[in-house]
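Student: Provided below: start04.tsv, containing TSV, C-alpha atoms and all ligand atoms.
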chain	number	residue	atom	x	y	z
A	15	MET	CA	-1.11	-14.12	8.17
A	16	ARG	CA	0.02	-14.88	4.64
A	17	MET	CA	3.33	-13.18	3.88
A	18	VAL	CA	3.82	-11.58	0.47
A	19	PHE	CA	6.53	-9.39	-1.04
A	20	ARG	CA	6.30	-6.53	-3.51
A	21	TRP	CA	8.09	-7.12	-6.79
A	22	PHE	CA	8.07	-4.55	-9.59
A	23	GLY	CA	8.61	-6.98	-12.44
A	24	LYS	CA	11.35	-8.29	-14.66
A	25	GLY	CA	13.77	-5.52	-15.66
A	26	ASN	CA	12.00	-3.07	-13.35
A	27	ASP	CA	13.36	-4.22	-9.97
A	28	SER	CA	16.81	-4.65	-8.46
A	29	VAL	CA	15.57	-7.63	-6.46
A	30	SER	CA	15.41	-11.05	-8.12
A	31	LEU	CA	12.77	-13.72	-7.60
A	32	GLN	CA	15.54	-16.10	-6.55
A	33	HIS	CA	16.46	-13.76	-3.71
A	34	ILE	CA	12.86	-13.29	-2.63
A	35	LYS	CA	12.55	-17.06	-2.56
A	36	GLN	CA	15.27	-17.17	0.10
A	37	ILE	CA	13.30	-15.02	2.58
A	38	PRO	CA	11.57	-17.34	5.05
A	39	GLY	CA	7.82	-17.69	4.79
A	40	VAL	CA	7.10	-15.63	1.68
A	41	GLU	CA	4.40	-17.33	-0.35
A	42	GLY	CA	3.49	-14.78	-2.98
A	43	LEU	CA	4.37	-11.67	-4.96
A	44	VAL	CA	2.61	-8.35	-4.82
A	45	TRP	CA	2.80	-7.17	-8.39
A	46	ALA	CA	1.44	-4.87	-11.09
A	47	LEU	CA	1.83	-4.09	-14.78
A	48	HIS	CA	3.60	-0.83	-14.08
A	49	ASP	CA	3.93	0.21	-17.71
A	50	ILE	CA	0.19	0.26	-18.38
A	51	PRO	CA	-1.19	3.77	-17.96
A	52	ALA	CA	-4.03	4.30	-15.48
A	53	GLY	CA	-7.37	3.83	-17.20
A	54	GLU	CA	-6.32	1.16	-19.68
A	55	VAL	CA	-7.37	-2.49	-19.57
A	56	TRP	CA	-4.67	-4.94	-18.41
A	57	PRO	CA	-4.37	-7.51	-21.18
A	58	LEU	CA	-4.75	-11.14	-20.21
A	59	ASP	CA	-1.59	-12.25	-22.02
A	60	ARG	CA	0.52	-9.78	-20.03
A	61	ILE	CA	-1.07	-11.00	-16.80
A	62	LEU	CA	-0.36	-14.60	-17.72
A	63	GLU	CA	3.26	-13.73	-18.39
A	64	VAL	CA	3.69	-12.57	-14.77
A	65	LYS	CA	1.89	-15.67	-13.53
A	66	GLN	CA	4.35	-17.88	-15.37
A	67	GLN	CA	7.38	-15.99	-14.03
A	68	ALA	CA	6.03	-16.26	-10.47
A	69	ASN	CA	5.01	-19.90	-10.71
A	70	LYS	CA	8.53	-20.85	-11.78
A	71	TYR	CA	9.60	-19.96	-8.25
A	72	GLY	CA	6.50	-21.39	-6.58
A	73	PHE	CA	4.98	-17.98	-5.80
A	74	GLN	CA	1.29	-17.18	-6.03
A	75	ILE	CA	0.17	-13.81	-7.45
A	76	ASP	CA	-2.99	-13.31	-5.37
A	77	VAL	CA	-2.33	-9.64	-4.55
A	78	VAL	CA	-2.05	-6.80	-7.06
A	79	GLU	CA	-0.75	-3.37	-6.08
A	80	SER	CA	-1.92	-1.17	-7.61
A	81	VAL	CA	-4.48	-0.91	-10.37
A	82	ASN	CA	-4.35	2.87	-10.48
A	83	ILE	CA	-7.44	5.01	-10.85
A	84	HIS	CA	-7.57	7.43	-13.77
A	85	ASP	CA	-7.73	11.07	-12.66
A	86	ASP	CA	-10.99	11.60	-14.57
A	87	ILE	CA	-12.65	9.19	-12.11
A	88	LYS	CA	-11.32	11.12	-9.12
A	89	LEU	CA	-12.30	14.38	-10.81
A	90	GLY	CA	-15.80	13.09	-11.57
A	91	LEU	CA	-15.62	14.00	-15.28
A	92	PRO	CA	-18.11	12.52	-17.79
A	93	SER	CA	-15.27	10.53	-19.35
A	94	ARG	CA	-15.00	8.55	-16.09
A	95	ASP	CA	-17.58	5.99	-17.23
A	96	GLN	CA	-15.32	4.64	-19.95
A	97	TYR	CA	-12.41	4.37	-17.49
A	98	ILE	CA	-14.65	2.59	-14.99
A	99	GLU	CA	-15.67	0.11	-17.69
A	100	ASN	CA	-11.99	-0.54	-18.38
A	101	TYR	CA	-11.37	-1.00	-14.66
A	102	LYS	CA	-14.10	-3.63	-14.51
A	103	LYS	CA	-12.48	-5.51	-17.41
A	104	THR	CA	-9.16	-5.44	-15.59
A	105	ILE	CA	-10.80	-6.90	-12.47
A	106	GLN	CA	-12.31	-9.65	-14.62
A	107	ASN	CA	-8.99	-10.40	-16.34
A	108	LEU	CA	-7.17	-10.52	-13.01
A	109	SER	CA	-9.76	-12.87	-11.54
A	110	LYS	CA	-9.10	-15.28	-14.42
A	111	VAL	CA	-5.64	-16.03	-13.02
A	112	GLY	CA	-6.89	-16.28	-9.44
A	113	VAL	CA	-6.10	-12.78	-8.13
A	114	LYS	CA	-7.87	-12.28	-4.77
A	115	VAL	CA	-7.01	-8.71	-3.72
A	116	ILE	CA	-6.54	-5.46	-5.62
A	117	CYS	CA	-4.89	-2.60	-3.77
A	118	TYR	CA	-5.44	0.93	-5.11
A	119	ASN	CA	-5.53	4.46	-3.79
A	120	PHE	CA	-7.71	7.51	-4.30
A	121	MET	CA	-5.15	10.27	-3.80
A	122	PRO	CA	-5.43	13.23	-6.17
A	123	VAL	CA	-2.37	13.89	-8.38
A	124	PHE	CA	0.36	12.33	-6.22
A	125	ASP	CA	0.73	8.89	-4.71
A	126	TRP	CA	2.94	8.88	-1.58
A	127	VAL	CA	4.99	12.02	-0.95
A	128	ARG	CA	8.44	12.38	0.64
A	129	THR	CA	10.95	15.24	0.48
A	130	ASP	CA	14.01	13.01	0.51
A	131	LEU	CA	14.18	9.52	-0.96
A	132	PHE	CA	17.63	8.66	0.39
A	133	LYS	CA	18.09	10.63	3.62
A	134	PRO	CA	21.45	9.67	5.16
A	135	LEU	CA	21.34	8.31	8.70
A	136	GLU	CA	24.13	8.17	11.28
A	137	ASP	CA	24.74	4.46	10.77
A	138	GLY	CA	25.44	4.89	7.05
A	139	SER	CA	22.05	3.68	5.86
A	140	THR	CA	19.50	5.89	4.10
A	141	ALA	CA	15.72	6.07	4.31
A	142	LEU	CA	12.63	7.85	2.98
A	143	PHE	CA	12.11	11.14	4.80
A	144	TYR	CA	9.32	13.74	4.99
A	145	GLU	CA	10.20	17.27	6.03
A	146	LYS	CA	7.05	19.16	6.83
A	147	ALA	CA	8.45	22.69	6.53
A	148	LYS	CA	9.89	21.85	3.14
A	149	VAL	CA	6.52	20.67	1.80
A	150	VAL	CA	4.70	23.67	3.25
A	151	GLY	CA	7.00	26.10	1.45
A	152	MET	CA	7.44	23.98	-1.65
A	153	ASP	CA	6.11	24.27	-5.12
A	154	PRO	CA	4.71	20.90	-6.28
A	155	PHE	CA	6.90	21.17	-9.37
A	156	GLU	CA	9.96	21.20	-7.16
A	157	LEU	CA	8.71	18.03	-5.49
A	158	VAL	CA	8.52	16.35	-8.87
A	159	GLU	CA	12.16	17.33	-9.49
A	160	ASN	CA	13.11	15.74	-6.15
A	161	ASN	CA	11.35	12.55	-7.05
A	162	ALA	CA	12.74	12.39	-10.56
A	163	TYR	CA	14.94	9.57	-9.42
A	164	ASN	CA	16.35	6.79	-11.57
A	165	PRO	CA	14.55	6.95	-14.92
A	166	GLU	CA	15.50	3.31	-15.38
A	167	PHE	CA	12.61	2.27	-13.15
A	168	THR	CA	8.96	3.31	-13.27
A	169	MET	CA	8.03	4.85	-9.95
A	170	PRO	CA	4.39	4.08	-9.25
A	171	GLY	CA	2.42	7.29	-8.97
A	172	TRP	CA	5.28	9.27	-10.44
A	173	GLU	CA	5.01	8.29	-14.08
A	174	PRO	CA	6.73	10.97	-16.22
A	175	GLU	CA	3.85	11.13	-18.75
A	176	ARG	CA	1.38	11.97	-16.01
A	177	LEU	CA	3.61	14.52	-14.41
A	178	LYS	CA	3.98	16.37	-17.70
A	179	SER	CA	0.40	17.51	-17.28
A	180	LEU	CA	0.83	18.51	-13.63
A	181	LYS	CA	-0.32	22.09	-14.17
A	182	GLU	CA	-3.53	20.96	-15.89
A	183	LEU	CA	-4.15	18.44	-13.11
A	184	PHE	CA	-3.83	21.11	-10.43
A	185	VAL	CA	-6.24	23.38	-12.32
A	186	ALA	CA	-8.73	20.50	-12.69
A	187	TYR	CA	-8.56	19.60	-8.98
A	188	SER	CA	-9.09	23.20	-7.93
A	189	ASN	CA	-12.82	22.50	-8.52
A	190	VAL	CA	-12.86	19.34	-6.40
A	191	SER	CA	-13.72	19.80	-2.74
A	192	THR	CA	-13.21	17.09	-0.13
A	193	GLU	CA	-16.95	16.31	-0.25
A	194	SER	CA	-17.02	15.99	-4.01
A	195	LEU	CA	-14.00	13.69	-3.87
A	196	TRP	CA	-16.01	11.49	-1.46
A	197	ASP	CA	-18.90	11.55	-3.96
A	198	ASN	CA	-16.60	10.56	-6.81
A	199	LEU	CA	-15.19	7.71	-4.75
A	200	GLN	CA	-18.70	6.48	-3.94
A	201	TYR	CA	-19.71	6.64	-7.61
A	202	PHE	CA	-16.67	4.53	-8.51
A	203	LEU	CA	-17.28	1.97	-5.74
A	204	GLU	CA	-20.96	1.54	-6.56
A	205	LYS	CA	-19.99	0.52	-10.09
A	206	ILE	CA	-16.93	-1.57	-9.23
A	207	ILE	CA	-17.83	-3.53	-6.10
A	208	PRO	CA	-20.60	-5.68	-7.65
A	209	VAL	CA	-18.11	-6.79	-10.33
A	210	ALA	CA	-15.43	-7.46	-7.71
A	211	GLU	CA	-17.91	-9.53	-5.72
A	212	MET	CA	-18.91	-11.54	-8.78
A	213	CYS	CA	-15.23	-12.17	-9.53
A	214	ASP	CA	-14.38	-12.91	-5.87
A	215	VAL	CA	-11.73	-10.19	-5.83
A	216	LYS	CA	-11.50	-7.96	-2.75
A	217	MET	CA	-10.87	-4.28	-3.42
A	218	ALA	CA	-8.56	-2.77	-0.79
A	219	ILE	CA	-8.00	0.99	-0.73
A	220	HIS	CA	-4.61	2.21	0.51
A	221	PRO	CA	-4.61	5.11	2.99
A	222	ASP	CA	-3.32	8.49	1.90
A	223	ASP	CA	0.36	8.98	2.50
A	224	PRO	CA	0.97	11.22	4.36
A	225	PRO	CA	-2.50	11.15	5.94
A	226	TRP	CA	-3.20	14.88	5.68
A	227	GLU	CA	-3.82	17.50	3.00
A	228	ILE	CA	-0.86	18.59	0.91
A	229	PHE	CA	-0.63	21.36	-1.69
A	230	GLY	CA	-4.30	22.16	-1.07
A	231	LEU	CA	-5.38	18.79	-2.50
A	232	PRO	CA	-8.09	16.94	-0.58
A	233	ARG	CA	-7.27	13.66	1.19
A	234	LEU	CA	-9.83	11.10	2.33
A	235	ILE	CA	-8.36	7.92	3.80
A	236	THR	CA	-6.52	9.46	6.71
A	237	SER	CA	-8.10	8.35	10.03
A	238	GLN	CA	-10.27	5.79	11.82
A	239	ASP	CA	-13.39	7.96	11.35
A	240	ASN	CA	-12.74	8.36	7.65
A	241	ILE	CA	-12.09	4.64	7.14
A	242	ARG	CA	-15.40	3.93	8.90
A	243	ARG	CA	-17.10	6.40	6.54
A	244	PHE	CA	-15.35	4.78	3.57
A	245	LEU	CA	-16.49	1.26	4.46
A	246	LYS	CA	-20.08	2.45	4.72
A	247	LEU	CA	-20.05	4.03	1.24
A	248	VAL	CA	-20.61	0.52	-0.04
A	249	ASP	CA	-21.11	-1.78	2.90
A	250	ASN	CA	-19.90	-5.00	1.36
A	251	PRO	CA	-17.01	-7.32	2.35
A	252	TYR	CA	-15.52	-6.82	-1.12
A	253	ASN	CA	-15.04	-3.13	-0.31
A	254	GLY	CA	-12.04	-3.21	2.03
A	255	VAL	CA	-8.86	-1.50	3.14
A	256	THR	CA	-5.14	-2.07	2.76
A	257	LEU	CA	-4.30	-1.09	6.31
A	258	CYS	CA	-0.90	0.60	6.04
A	259	SER	CA	0.65	1.14	9.48
A	260	GLY	CA	3.37	3.40	8.10
A	261	SER	CA	1.08	5.75	6.20
A	262	LEU	CA	-1.48	6.07	9.00
A	263	GLY	CA	1.28	6.02	11.62
A	264	ALA	CA	2.70	9.34	10.40
A	265	ASN	CA	-0.11	10.97	12.40
A	266	SER	CA	0.18	10.37	16.17
A	267	ALA	CA	-3.61	10.64	16.54
A	268	ASN	CA	-4.08	7.38	14.63
A	269	ASP	CA	-4.46	4.35	16.91
A	270	ILE	CA	-3.68	1.56	14.47
A	271	PRO	CA	-4.31	-1.47	16.75
A	272	ALA	CA	-7.76	0.03	17.47
A	273	MET	CA	-8.40	0.30	13.72
A	274	ILE	CA	-7.39	-3.33	13.21
A	275	ARG	CA	-9.77	-4.45	15.95
A	276	GLU	CA	-12.64	-2.38	14.56
A	277	PHE	CA	-12.19	-3.16	10.85
A	278	ALA	CA	-10.68	-6.68	11.05
A	279	ASP	CA	-13.15	-8.32	8.68
A	280	ARG	CA	-12.61	-5.58	6.07
A	281	ILE	CA	-8.79	-5.76	5.91
A	282	PRO	CA	-7.78	-8.28	3.24
A	283	PHE	CA	-4.27	-6.83	3.02
A	284	ALA	CA	-1.91	-5.40	5.67
A	285	HIS	CA	1.10	-3.17	5.03
A	286	ILE	CA	3.29	-3.30	8.11
A	287	ARG	CA	6.14	-0.84	8.66
A	288	ASN	CA	7.39	1.67	11.20
A	289	VAL	CA	7.99	5.43	11.06
A	290	LYS	CA	9.60	7.78	13.52
A	291	ARG	CA	7.69	11.01	14.06
A	292	PHE	CA	9.29	14.25	15.18
A	293	ALA	CA	7.63	17.05	17.15
A	294	ASN	CA	7.90	19.46	14.18
A	295	GLY	CA	5.80	17.21	11.93
A	296	ASP	CA	8.69	15.53	10.10
A	297	PHE	CA	8.90	11.75	9.90
A	298	ILE	CA	11.40	9.17	8.71
A	299	GLU	CA	10.94	5.52	7.83
A	300	THR	CA	12.82	3.23	10.22
A	301	SER	CA	13.45	-0.46	10.67
A	302	HIS	CA	10.37	-2.48	11.61
A	303	ARG	CA	11.47	-2.84	15.22
A	304	THR	CA	9.06	-1.16	17.66
A	305	LYS	CA	11.94	0.49	19.56
A	306	ASP	CA	13.27	2.18	16.42
A	307	GLY	CA	10.15	4.14	15.53
A	308	SER	CA	6.94	5.68	16.87
A	309	VAL	CA	4.60	2.90	15.76
A	310	ASP	CA	4.14	-0.06	18.06
A	311	ILE	CA	4.64	-2.93	15.60
A	312	TYR	CA	4.27	-5.51	18.36
A	313	GLU	CA	0.80	-4.18	19.28
A	314	ILE	CA	-0.16	-4.13	15.61
A	315	VAL	CA	0.83	-7.75	15.00
A	316	LYS	CA	-0.85	-8.71	18.27
A	317	ALA	CA	-4.08	-7.02	17.16
A	318	TYR	CA	-4.00	-8.99	13.90
A	319	HIS	CA	-3.28	-12.19	15.80
A	320	ASP	CA	-6.07	-11.58	18.31
A	321	CYS	CA	-8.49	-11.06	15.42
A	322	GLY	CA	-7.45	-14.34	13.79
A	323	PHE	CA	-6.11	-12.50	10.74
A	324	THR	CA	-5.81	-14.80	7.73
A	325	GLY	CA	-5.26	-12.09	5.11
A	326	TYR	CA	-2.13	-11.10	3.21
A	327	ALA	CA	0.63	-8.99	4.76
A	328	ARG	CA	3.77	-7.40	3.42
A	329	PRO	CA	6.60	-5.49	5.04
A	330	ASP	CA	5.91	-2.40	2.86
A	331	HIS	CA	9.01	-0.19	2.85
A	332	GLY	CA	12.48	-0.63	4.26
A	333	ARG	CA	15.63	1.46	4.70
A	334	HIS	CA	18.51	1.10	2.27
A	335	ILE	CA	21.21	-0.81	4.14
A	336	TRP	CA	24.45	-2.69	3.50
A	337	ASP	CA	25.17	-0.46	0.47
A	338	GLU	CA	22.32	-1.92	-1.49
A	339	GLU	CA	21.40	-0.10	-4.69
A	340	CYS	CA	17.66	-0.27	-5.09
A	341	ARG	CA	14.45	1.62	-5.60
A	342	PRO	CA	13.60	4.02	-2.78
A	343	GLY	CA	12.01	1.99	0.02
A	344	TYR	CA	12.17	-1.29	-1.85
A	345	GLY	CA	15.50	-2.92	-1.18
A	346	LEU	CA	15.82	-6.59	-0.37
A	347	TYR	CA	17.70	-6.54	2.93
A	348	ASP	CA	15.69	-4.32	5.23
A	349	ARG	CA	12.37	-5.67	4.03
A	350	ALA	CA	13.65	-9.21	4.63
A	351	LEU	CA	14.72	-8.19	8.15
A	352	GLY	CA	11.25	-6.72	8.61
A	353	ILE	CA	9.66	-10.01	7.65
A	354	MET	CA	11.76	-11.89	10.19
A	355	TYR	CA	10.72	-9.42	12.89
A	356	LEU	CA	7.04	-9.87	11.97
A	357	TRP	CA	7.37	-13.65	11.96
A	358	GLY	CA	9.22	-13.50	15.28
A	359	ILE	CA	6.31	-11.71	16.90
A	360	TRP	CA	3.68	-13.81	15.15
A	361	ASP	CA	5.28	-17.17	15.96
A	362	SER	CA	5.72	-16.33	19.63
A	363	LEU	CA	2.08	-15.18	19.83
A	364	GLU	CA	1.09	-18.47	18.24
A	365	SER	CA	2.92	-20.53	20.83
A	366	ILE	CA	1.59	-18.46	23.73
A	367	TYR	CA	-1.90	-18.95	22.32
A	368	LYS	CA	-1.37	-22.71	21.95
A	369	GLU	CA	-0.06	-22.98	25.50
A	370	LYS	CA	-3.18	-21.21	26.78
A	371	ILE	CA	-5.45	-23.56	24.81
A	372	ASP	CA	-3.55	-26.58	26.20
A	373	ILE	CA	-4.03	-25.31	29.75
A	374	VAL	CA	-7.77	-24.83	29.19
A	375	HIS	CA	-8.01	-28.33	27.71
A	376	SER	CA	-6.09	-29.97	30.55
A	377	LYS	CA	-8.38	-28.25	33.08
A	378	THR	CA	-11.55	-29.40	31.36
A	379	ARG	CA	-10.33	-32.99	31.03
B	401	LIG	C1	3.05	3.39	0.81
B	401	LIG	C2	3.04	2.42	-0.30
B	401	LIG	C3	2.30	3.05	-1.50
B	401	LIG	C4	1.24	2.18	-2.07
B	401	LIG	C5	0.27	2.83	-3.01
B	401	LIG	C6	-0.97	1.97	-3.15
B	401	LIG	O1	2.83	3.12	1.95
B	401	LIG	O2	2.55	1.24	0.16
B	401	LIG	O3	3.23	3.35	-2.48
B	401	LIG	O4	1.85	1.18	-2.80
B	401	LIG	O5	-0.08	4.08	-2.60
B	401	LIG	O6	-1.77	2.39	-4.20
B	402	MN	MN	1.69	1.15	2.36
Now, as a test, write the supplied structure out as structure tokens.

Tutor:
Amino acid sequence: MRMVFRWFGKGNDSVSLQHIKQIPGVEGLVWALHDIPAGEVWPLDRILEVKQQANKYGFQIDVVESVNIHDDIKLGLPSRDQYIENYKKTIQNLSKVGVKVICYNFMPVFDWVRTDLFKPLEDGSTALFYEKAKVVGMDPFELVENNAYNPEFTMPGWEPERLKSLKELFVAYSNVSTESLWDNLQYFLEKIIPVAEMCDVKMAIHPDDPPWEIFGLPRLITSQDNIRRFLKLVDNPYNGVTLCSGSLGANSANDIPAMIREFADRIPFAHIRNVKRFANGDFIETSHRTKDGSVDIYEIVKAYHDCGFTGYARPDHGRHIWDEECRPGYGLYDRALGIMYLWGIWDSLESIYKEKIDIVHSKTR
């Protein structure tokens, strides 16, 4: 397991590279050029700039999250071909600096959705919260208002320019059924994956968050069956998944350790975090500790360990603790605590494994 940490870039993140450097066992940054609109080519000089900033602190930049997909690709419009060509150029440019994994998602209109970005908890911390009843009765425009947090930072998936055309987007998607969204995803993959393979860059789709339909928009990457279907669209090791335990874990029907065991060789990137589900369909993001949420983080790490996972992993989101002022879900402290919990489990599994090997060896001697 190769630990990495999401960083939103100079001037776009409350967390400094110096501070990330002080978290044990973090070897690289998960990064993106957040100011480049979806569909445009990422220029090599801008990519090199990030590489230099990272290298100064000894970090690699092997994992990018996300190179976003232009809506015309998801909508299957004729203009998609130009955007796909641009996407290929971005893959090529990223491969020039040694990028190995590109995370992206195929969610129509919205990236992740929550109803409350800083829900107060009893202990004085706050966390990302999803209230089902609120979303059911909500107008998507109201949701945008709720997420119109700190204009100082670009919120991935919530770029103000995109949201200005929200009405038009909803009208356009009204013609896109779940099956045609699958077709549009396949069309995209068939064009992209050969380029990714040539460049030795693994494409890793992020599950939909939450993993069910919202506002009548179709959702694809929501369950074990759908991930299996996804991987078969283009059955190639360069077509993989960012297995996000928090996104998938919002649905109790999802058995994440089983997914890890089935798809192990197609998971180049793991997002590990916990959520607590409530009977009414609400969920809140918690600390990583298994006891604090509904997702068994121990079983997840164990499944990765059993499969000999050598891919990249990050703690994904955290709560906002110790009065930290930060982007929603992306403070320093709780994510650093999460990393230590993950390492704690991983390191003890390693020593148990080594002890077992030693016993086998001593018996065969
Ligand atoms: C949620 C987060 C997402 C993710 C993007 C990937 O679990 O990891 O914001 O970054 O959806 O494209
Ligand atoms: Mn995630």

Student: Residues at most 12 Å from Asp86 of chain A, counting only C-alpha atoms, excluding those fewer than 4 positions away in the same chain, as number ranges by chain?

Tutor: A: 52-53, 82, 90-98, 120, 122-123, 183, 186-187, 190, 195, 198-199, 202

Student: Name each residue within 9 Å of ligand MN 402 (chain B), counting only C-alpha atoms and all ligand atoms, as a list in words.

Tutor: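 Checking only C-alpha atoms and all ligand atoms against ligand MN 402 (chain B) at 9 Å gives Trp126, His220, Pro221, Asp222, Asp223, Thr256, Leu257, Cys258, Ser259, Gly260, Ser261, Leu262, Ala284, His285, Ile286, Arg287, Arg328, Pro329, Asp330 and His331 of chain A.
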
Student: Leaving out Gly345 of chain A and any residue of its chain fewer than 3 positions from it, which residues lie within 8 Å of it when counting all atoms listed in the file, given as a list in words?

Tutor: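 Once the adjacent positions are removed, what remains is Ser28, Val29, Gly332, Arg333, His334, Glu338, Glu339, Cys340, Arg341, Pro342, Asp348 and Arg349 of chain A.
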
Student: What is the distance between atom CA of Gly72 of chain A and atom CA of Leu31 of chain A, in Å to one decimal?

Tutor: 10.0 Å

Student: Check the smallest atom-to-atom distance from each of A:Asp130, A:Glu299, A:Glu99, A:Asp76 to ligand LIG 401 (chain B) using all atoms listed in the file, then report the winner.

Tutor: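 Of A:Asp130, A:Glu299, A:Glu99, A:Asp76, the one nearest ligand LIG 401 (chain B) is A:Glu299, counting all atoms listed in the file.
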
Student: Skipping near chain neighbours, those fewer than 5 positions away, what residues fall within 10 Å of Phe297 of chain A using all atoms listed in the file, listed as a PDB file with C-alpha atoms, in the frame of the given file?

Tutor:
ATOM      1  CA  ARG A 128       8.440  12.380   0.640  1.00  0.00           C
ATOM      2  CA  LEU A 142      12.630   7.850   2.980  1.00  0.00           C
ATOM      3  CA  PHE A 143      12.110  11.140   4.800  1.00  0.00           C
ATOM      4  CA  TYR A 144       9.320  13.740   4.990  1.00  0.00           C
ATOM      5  CA  GLU A 145      10.200  17.270   6.030  1.00  0.00           C
ATOM      6  CA  LYS A 146       7.050  19.160   6.830  1.00  0.00           C
ATOM      7  CA  PRO A 224       0.970  11.220   4.360  1.00  0.00           C
ATOM      8  CA  GLY A 263       1.280   6.020  11.620  1.00  0.00           C
ATOM      9  CA  ALA A 264       2.700   9.340  10.400  1.00  0.00           C
ATOM     10  CA  ASN A 265      -0.110  10.970  12.400  1.00  0.00           C
ATOM     11  CA  VAL A 289       7.990   5.430  11.060  1.00  0.00           C
ATOM     12  CA  LYS A 290       9.600   7.780  13.520  1.00  0.00           C
ATOM     13  CA  ARG A 291       7.690  11.010  14.060  1.00  0.00           C
ATOM     14  CA  PHE A 292       9.290  14.250  15.180  1.00  0.00           C
ATOM     15  CA  GLY A 307      10.150   4.140  15.530  1.00  0.00           C
ATOM     16  CA  SER A 308       6.940   5.680  16.870  1.00  0.00           C
TER      17      SER A 308
END

Student: Provide the atom CA of Glu136 of chain A to atom CA of Asp310 of chain A distance in Å, to one decimal place.

Tutor: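 If I compute the distance from atom CA of Glu136 of chain A to atom CA of Asp310 of chain A, I get 22.7 Å.
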
Student: For each of A:Leu234, A:Ile359, A:Val248, A:Ala293, take the minimum atom-to-atom distance to Lys205 of chain A, counting only C-alpha atoms, then give the residue where this is smallest.

Tutor: A:Val248

Student: Just checking: using only C-alpha atoms and all ligand atoms, which residue out of A:Glu204, A:Glu227, A:Asp320, A:Asp125 ends up closest to ligand LIG 401 (chain B)?

Tutor: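 Of all the options, A:Asp125 lies closest to ligand LIG 401 (chain B).
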
Student: Find the distance between atom CA of Lys35 of chain A and atom C1 of ligand LIG 401 (chain B) and write it in Å to one decimal.

Tutor: 22.8 Å

Student: Could you pull the residues within 9 Å of Pro57 of chain A, counting all atoms listed in the file, minus those fewer than 5 positions along the same chain, as a ChimeraX atom specification?

Tutor: /A:62,104,107

Student: May I ask which of the residues A:Val77, A:Ile371, A:Val185, A:Ala350 is the closest one to Gly39 of chain A, counting all atoms listed in the file?

Tutor: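 Looking at the shortest contact to Gly39 of chain A, the residue is A:Ala350.
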
Student: Which centre and edge lengths in Å to one decimal define the box along x, y and z that fits every listed atom of segment 94-110 of chain A plus 3 Å per side, as JSON?

Tutor:
{"center_x": -12.4, "center_y": -3.4, "center_z": -15.7, "size_x": 16.4, "size_y": 29.8, "size_z": 14.4}

Student: Can you work out which one of A:Val309, A:Leu247, A:Met354, A:Leu363 has the shortest atom-to-atom distance to Asp197 of chain A, counting only C-alpha atoms?

Tutor: A:Leu247

Student: Considering all atoms listed in the file, state which residue in the set A:Ile83, A:Glu193, A:Val209, A:Ile311 is at the smallest distance from ligand LIG 401 (chain B).

Tutor: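 Using all atoms listed in the file, the shortest distance to ligand LIG 401 (chain B) belongs to A:Ile83.
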
Student: Pick out the residues sitting within 6 Å of segment 113-119 of chain A, and hand them over as a PyMOL selection string; count all atoms listed in the file, and ignore anything fewer than 2 positions along from it in its own chain.

Tutor: chain A and resi 76-82+108-109+111+121+215-220
